[in-house]
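> What follows is upload_36.txt, made up of compact mmCIF, C-alpha atoms:
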```txt
# COMPACT_ATOMS: atom_id res chain seq x y z
CA ILE V 1 152.63 82.50 92.75
CA GLY V 2 154.04 82.06 96.22
CA TYR V 3 151.92 84.79 97.79
CA ARG V 4 149.15 84.68 100.38
CA VAL V 5 146.30 86.95 99.33
CA PHE V 6 143.64 88.49 101.59
CA ASN V 7 140.81 90.85 100.71
CA THR V 8 139.41 93.30 103.22
CA HIS V 9 137.43 96.53 103.60
CA LEU V 10 139.53 97.83 106.50
CA TRP V 11 140.82 101.38 106.74
CA TRP V 12 144.56 101.83 106.32
CA GLU V 13 145.00 102.59 110.03
CA MET V 14 143.48 99.20 110.85
CA MET V 15 145.65 97.18 108.48
CA PRO V 16 148.47 94.97 109.73
CA LYS V 17 151.72 96.47 108.45
CA GLN V 18 154.13 93.75 107.35
CA GLY V 19 157.47 95.02 106.10
CA ASP V 20 157.52 93.19 102.78
CA ALA V 21 153.75 93.10 102.22
CA ARG V 22 152.18 94.78 99.21
CA TYR V 23 148.72 96.32 99.22
CA LEU V 24 146.23 96.98 96.43
CA TYR V 25 143.59 99.63 97.11
CA LEU V 26 140.65 99.69 94.73
CA VAL V 27 138.62 102.87 94.34
CA ARG V 28 135.28 103.26 92.57
CA GLY V 29 132.79 106.00 91.82
CA ALA V 30 130.65 106.95 94.82
CA ARG V 31 127.25 106.31 93.28
CA ASP V 32 128.22 102.88 91.99
CA VAL V 33 129.70 102.02 95.40
CA CYS V 34 126.46 103.00 97.11
CA ALA V 35 124.31 101.06 94.63
CA SER V 36 126.49 97.95 94.80
CA PHE V 37 126.56 97.98 98.59
CA TYR V 38 122.79 98.35 98.74
CA GLU V 39 122.28 95.36 96.44
CA HIS V 40 124.75 93.40 98.55
CA LEU V 41 123.34 94.20 101.98
CA SER V 42 119.68 94.08 100.95
CA HIS V 43 120.18 90.47 99.81
CA GLN V 44 122.23 89.48 102.86
CA SER V 45 120.37 87.89 105.75
CA GLU V 46 119.45 90.22 108.58
CA ALA V 47 121.14 87.87 111.06
CA ASP V 48 124.40 88.40 109.17
CA GLY V 49 124.11 92.19 109.07
CA GLY V 50 121.81 92.59 106.07
CA PHE V 51 119.79 95.74 105.41
CA THR V 52 116.01 95.29 105.47
CA ARG V 53 114.76 98.85 105.07
CA SER V 54 114.06 100.92 101.95
CA LEU V 55 116.52 102.24 99.38
CA ASP V 56 115.68 105.79 100.52
CA GLU V 57 116.77 104.88 104.03
CA PHE V 58 119.90 103.14 102.80
CA VAL V 59 120.99 106.19 100.80
CA GLU V 60 120.54 108.33 103.91
CA GLU V 61 122.48 105.88 106.08
CA TRP V 62 125.23 105.58 103.46
CA CYS V 63 125.65 109.34 103.17
CA ALA V 64 125.77 109.63 106.97
CA GLY V 65 128.43 106.93 107.24
CA ARG V 66 126.16 104.68 109.28
CA VAL V 67 126.90 101.56 107.26
CA PRO V 68 129.57 98.88 107.72
CA PHE V 69 133.10 100.27 107.14
CA GLY V 70 131.95 103.88 107.51
CA SER V 71 131.63 106.65 104.95
CA TRP V 72 132.99 106.52 101.41
CA HIS V 73 135.00 109.73 101.72
CA SER V 74 136.50 108.75 105.10
CA HIS V 75 137.67 105.44 103.67
CA LEU V 76 139.37 107.23 100.77
CA ASN V 77 141.00 109.72 103.14
CA SER V 78 142.30 106.85 105.24
CA TRP V 79 144.33 105.41 102.36
CA LEU V 80 145.00 108.39 100.08
CA LYS V 81 146.82 111.71 100.32
CA SER V 82 144.38 114.59 100.11
CA GLU V 83 146.56 116.70 97.81
CA ALA V 84 147.46 113.98 95.26
CA THR V 85 146.05 114.72 91.80
CA ASP V 86 146.45 111.26 90.27
CA LEU V 87 145.92 107.76 91.57
CA GLU V 88 149.47 106.66 90.80
CA THR V 89 150.95 108.95 93.47
CA SER V 90 147.98 109.08 95.84
CA ALA V 91 148.79 106.33 98.35
CA LYS V 92 150.00 107.37 101.78
CA ASP V 93 152.40 104.41 101.83
CA GLN V 94 154.68 103.30 98.99
CA ARG V 95 153.65 99.69 99.54
CA VAL V 96 150.14 100.54 98.32
CA LEU V 97 149.11 100.51 94.66
CA VAL V 98 145.90 102.42 93.99
CA ILE V 99 143.79 101.30 91.05
CA SER V 100 140.27 102.12 89.95
CA TYR V 101 137.37 99.85 89.14
CA GLU V 102 136.80 101.95 86.05
CA ALA V 103 140.34 101.32 84.81
CA MET V 104 139.89 97.59 85.35
CA CYS V 105 136.77 97.70 83.18
CA SER V 106 138.40 99.71 80.39
CA ASP V 107 141.96 98.33 80.40
CA LEU V 108 142.28 95.09 82.32
CA ARG V 109 145.56 94.19 80.61
CA GLY V 110 147.09 97.50 81.65
CA VAL V 111 145.95 97.10 85.25
CA LEU V 112 147.33 93.56 85.35
CA GLY V 113 150.70 94.96 84.27
CA LEU V 114 150.62 97.56 87.05
CA VAL V 115 149.73 94.94 89.67
CA ALA V 116 152.41 92.52 88.49
CA SER V 117 155.03 95.27 88.57
CA HIS V 118 153.96 96.34 92.06
CA LEU V 119 154.30 92.77 93.29
CA GLY V 120 157.66 92.25 91.59
CA ILE V 121 156.29 89.60 89.22
CA GLU V 122 157.51 89.38 85.63
CA LEU V 123 154.88 88.22 83.17
CA SER V 124 155.54 87.24 79.57
CA GLU V 125 153.01 88.07 76.87
CA ALA V 126 152.04 84.41 76.77
CA GLU V 127 151.47 84.33 80.53
CA THR V 128 149.49 87.55 80.40
CA SER V 129 147.25 86.20 77.66
CA LEU V 130 146.71 83.02 79.68
CA ILE V 131 145.82 84.89 82.88
CA LEU V 132 143.56 87.62 81.49
CA PRO V 133 140.47 85.46 80.74
CA ARG V 134 140.40 84.29 84.36
CA LEU V 135 140.40 87.89 85.57
CA SER V 136 137.43 88.96 83.46
CA PHE V 137 133.97 89.77 84.77
CA GLY V 138 132.59 87.08 82.47
CA TYR V 139 134.72 84.46 84.18
CA MET V 140 133.59 85.65 87.61
CA LYS V 141 129.95 85.57 86.51
CA ALA V 142 130.31 82.04 85.15
CA ASN V 143 132.07 80.86 88.32
CA VAL V 144 130.21 82.82 90.98
CA ALA V 145 130.67 80.10 93.61
CA LYS V 146 134.40 80.86 93.62
CA PHE V 147 133.79 84.49 94.57
CA GLU V 148 130.59 84.62 96.64
CA PRO V 149 131.32 84.99 100.38
CA LYS V 150 130.57 81.86 102.37
CA SER V 151 130.69 83.58 105.76
CA VAL V 152 127.16 85.01 105.39
CA SER V 153 123.85 83.70 104.13
CA TRP V 154 121.79 85.25 101.34
CA VAL V 155 118.10 86.06 100.94
CA ASP V 156 116.35 84.96 97.76
CA LYS V 157 113.92 87.75 96.85
CA GLY V 158 113.00 86.18 93.54
CA ASP V 159 114.73 88.97 91.61
CA GLY V 160 117.59 86.90 90.22
CA PHE V 161 120.23 88.49 92.43
CA GLN V 162 123.76 87.14 92.20
CA PHE V 163 126.74 88.32 94.23
CA VAL V 164 128.55 88.93 90.94
CA ARG V 165 126.01 91.24 89.32
CA LYS V 166 126.66 93.56 86.36
CA GLY V 167 130.27 94.67 86.34
CA GLN V 168 129.39 97.97 84.67
CA VAL V 169 130.46 101.55 85.23
CA GLY V 170 127.55 103.89 85.89
CA ALA V 171 124.91 101.19 86.43
CA SER V 172 123.76 103.08 89.54
CA ARG V 173 121.81 105.41 87.23
CA GLU V 174 119.30 102.60 86.77
CA LEU V 175 118.66 102.37 90.51
CA PHE V 176 118.45 105.83 92.03
CA THR V 177 115.49 108.20 91.80
CA ALA V 178 115.97 111.93 91.23
CA ALA V 179 115.50 112.56 94.95
CA GLN V 180 118.07 109.92 95.90
CA GLU V 181 120.51 111.32 93.36
CA ALA V 182 120.01 114.77 94.86
CA ARG V 183 120.79 113.44 98.33
CA LEU V 184 123.95 111.78 97.07
CA GLY V 185 124.94 114.96 95.26
CA ALA V 186 124.44 117.03 98.39
CA TYR V 187 126.63 114.65 100.39
CA LEU V 188 129.39 114.57 97.79
CA THR V 189 129.62 118.36 97.53
CA THR V 190 130.04 118.88 101.27
CA VAL V 191 132.75 116.35 102.19
CA ALA V 192 136.51 116.44 101.76
CA ILE V 193 137.62 114.04 99.01
CA PRO V 194 141.21 113.42 97.83
CA LYS V 195 141.81 115.46 94.68
CA CYS V 196 142.52 112.34 92.65
CA CYS V 197 138.97 111.12 93.30
CA GLU V 198 137.05 114.35 92.78
CA SER V 199 135.76 113.14 89.41
CA PHE V 200 134.02 110.28 91.20
CA ALA V 201 131.98 112.83 93.15
CA ARG V 202 130.85 114.39 89.85
CA GLY V 203 129.61 111.03 88.64
CA GLN V 204 132.42 110.71 86.10
CA PRO V 205 135.11 108.06 85.63
CA PRO V 206 138.67 109.10 86.45
CA SER V 207 140.62 110.94 83.80
CA SER V 208 143.40 109.16 81.92
CA THR V 209 145.90 110.61 84.38
CA GLU V 210 143.88 109.41 87.36
CA ALA V 211 143.62 105.92 85.86
CA ASN V 212 147.36 105.43 85.53
```
Could I get this structure in the form of C-alpha cells?

Amino acid sequence: IGYRVFNTHLWWEMMPKQGDARYLYLVRGARDVCASFYEHLSHQSEADGGFTRSLDEFVEEWCAGRVPFGSWHSHLNSWLKSEATDLETSAKDQRVLVISYEAMCSDLRGVLGLVASHLGIELSEAETSLILPRLSFGYMKANVAKFEPKSVSWVDKGDGFQFVRKGQVGASRELFTAAQEARLGAYLTTVAIPKCCESFARGQPPSSTEAN
C-alpha cells in the first residue's frame, strides 16, 4: 500500500511526530488488558523481561503501574482528551484515529472503513471483501508465526499457550478470582480515566457512540 507500518506501546509524548504520519490508537477494557498482559509476560522468558511471580502479585503490580509501559489509565490519558465523551473525538492530535478492540471484534468491516478513511485509502467493496479474511482473528490464529514477536523468547509451561490466544471480549472473567476482581475494581474507581473510556472501568464494552 506504499506505507511503512510500525506497532508500539509508547505513550503519545514519546512518539516521533512526522508531519504526514497517521496514528492508530487501540483501546481495550482494563480487565482484559490486565489478563492479556499477564498471559503474555508470564510466558515470556525472565531474561527478556518475563513475569515469574503469581497472578495476585501481577494484579497488584499492574494496578500500581509497575509493569512495562506504565499504568493503563496513564497510557489512556497520554493519548486521549479527558473530557471527550466518544472515541471518535477523543484523540489529542487530529492525526490519531482511536478505535476499540471491542469494535474490531463486533464490526471489523466498519473499523476497516474507518482506518482506510483515516489513511486516505479508497477501498472498493471487492477489495474490502478480499482484505477482511486476512484481518480476522481466525487468520491470525492459523498464522501465528506471522504475528508472534521474534525479539523475545517464550517459556513452554505445557498449558498450550500461544501468543495469539482467544480474541474474545470479557475473557478475563475466566482468570481473575473475586479478590483479584475487587483489587482491580478498587484501582479503577480511584484513577482519572478519559470519559470516553469510563465504560471500560465498569467492565462493559464501549457504547455505540464510543465505538464510532
> Counting all atoms listed in the file, figure out which residue out of V:Glu125, V:Trp154, V:Leu184, V:Phe163 gets nearest to Lys141 of chain V.
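Nearest to Lys141 of chain V: V:Phe163.
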> Quick one: residues within 12 Å of segment 7-14 of chain V, all atoms listed in the file, excluding same-chain residues fewer than 2 positions away - as an mmCIF file with C-alpha atoms, in the coordinates of the input?

```cif
data_model
loop_
_atom_site.group_PDB
_atom_site.id
_atom_site.type_symbol
_atom_site.label_atom_id
_atom_site.label_comp_id
_atom_site.auth_asym_id
_atom_site.auth_seq_id
_atom_site.Cartn_x
_atom_site.Cartn_y
_atom_site.Cartn_z
ATOM 1 C CA ARG V 4 149.150 84.680 100.380
ATOM 2 C CA VAL V 5 146.300 86.950 99.330
ATOM 3 C CA PRO V 16 148.470 94.970 109.730
ATOM 4 C CA LYS V 17 151.720 96.470 108.450
ATOM 5 C CA TYR V 23 148.720 96.320 99.220
ATOM 6 C CA LEU V 24 146.230 96.980 96.430
ATOM 7 C CA TYR V 25 143.590 99.630 97.110
ATOM 8 C CA LEU V 26 140.650 99.690 94.730
ATOM 9 C CA VAL V 27 138.620 102.870 94.340
ATOM 10 C CA PRO V 68 129.570 98.880 107.720
ATOM 11 C CA PHE V 69 133.100 100.270 107.140
ATOM 12 C CA GLY V 70 131.950 103.880 107.510
ATOM 13 C CA SER V 71 131.630 106.650 104.950
ATOM 14 C CA TRP V 72 132.990 106.520 101.410
ATOM 15 C CA HIS V 73 135.000 109.730 101.720
ATOM 16 C CA SER V 74 136.500 108.750 105.100
ATOM 17 C CA HIS V 75 137.670 105.440 103.670
ATOM 18 C CA LEU V 76 139.370 107.230 100.770
ATOM 19 C CA ASN V 77 141.000 109.720 103.140
ATOM 20 C CA SER V 78 142.300 106.850 105.240
ATOM 21 C CA TRP V 79 144.330 105.410 102.360
ATOM 22 C CA LEU V 80 145.000 108.390 100.080
ATOM 23 C CA LYS V 81 146.820 111.710 100.320
ATOM 24 C CA ALA V 91 148.790 106.330 98.350
ATOM 25 C CA LYS V 92 150.000 107.370 101.780
ATOM 26 C CA ASP V 93 152.400 104.410 101.830
ATOM 27 C CA ARG V 95 153.650 99.690 99.540
ATOM 28 C CA VAL V 96 150.140 100.540 98.320
ATOM 29 C CA PHE V 147 133.790 84.490 94.570
ATOM 30 C CA PRO V 149 131.320 84.990 100.380
#
```
> Could you tell me how far atom CA of Ala142 of chain V sits from atom CA of Asp48 of chain V, in Å to one decimal place?
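So the answer is 25.5 Å.
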> Please measure the separation of atom CA of Met15 of chain V and atom CA of Lys166 of chain V, giving the value in Å to one decimal.
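Atom CA of Met15 of chain V sits 29.4 Å away from atom CA of Lys166 of chain V.
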> Between atom CA of Cys197 of chain V and atom CA of Ser100 of chain V, what is the spacing in Å?
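Going from atom CA of Ser100 of chain V over to atom CA of Cys197 of chain V covers 9.7 Å.
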> Pick out the residues sitting within 9 Å of Phe176 of chain V, and hand them over as a PDB file with C-alpha atoms, keeping the file's coordinate frame; count only C-alpha atoms, and ignore anything fewer than 3 positions along from it in its own chain.

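As written to disk, selection-v7.pdb reads:
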```
ATOM      1  CA  ARG V  31     127.250 106.310  93.280  1.00  0.00           C
ATOM      2  CA  ALA V  35     124.310 101.060  94.630  1.00  0.00           C
ATOM      3  CA  LEU V  55     116.520 102.240  99.380  1.00  0.00           C
ATOM      4  CA  ASP V  56     115.680 105.790 100.520  1.00  0.00           C
ATOM      5  CA  SER V 172     123.760 103.080  89.540  1.00  0.00           C
ATOM      6  CA  ARG V 173     121.810 105.410  87.230  1.00  0.00           C
ATOM      7  CA  ALA V 179     115.500 112.560  94.950  1.00  0.00           C
ATOM      8  CA  GLN V 180     118.070 109.920  95.900  1.00  0.00           C
ATOM      9  CA  GLU V 181     120.510 111.320  93.360  1.00  0.00           C
TER      10      GLU V 181
END
```
> Using only C-alpha atoms, pick whichever of V:Ser136, V:Thr189, V:Thr85, V:Ser124 has the shortest atom-to-atom distance to Cys63 of chain V.
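Nearest candidate to Cys63 of chain V out of V:Ser136, V:Thr189, V:Thr85, V:Ser124: V:Thr189.
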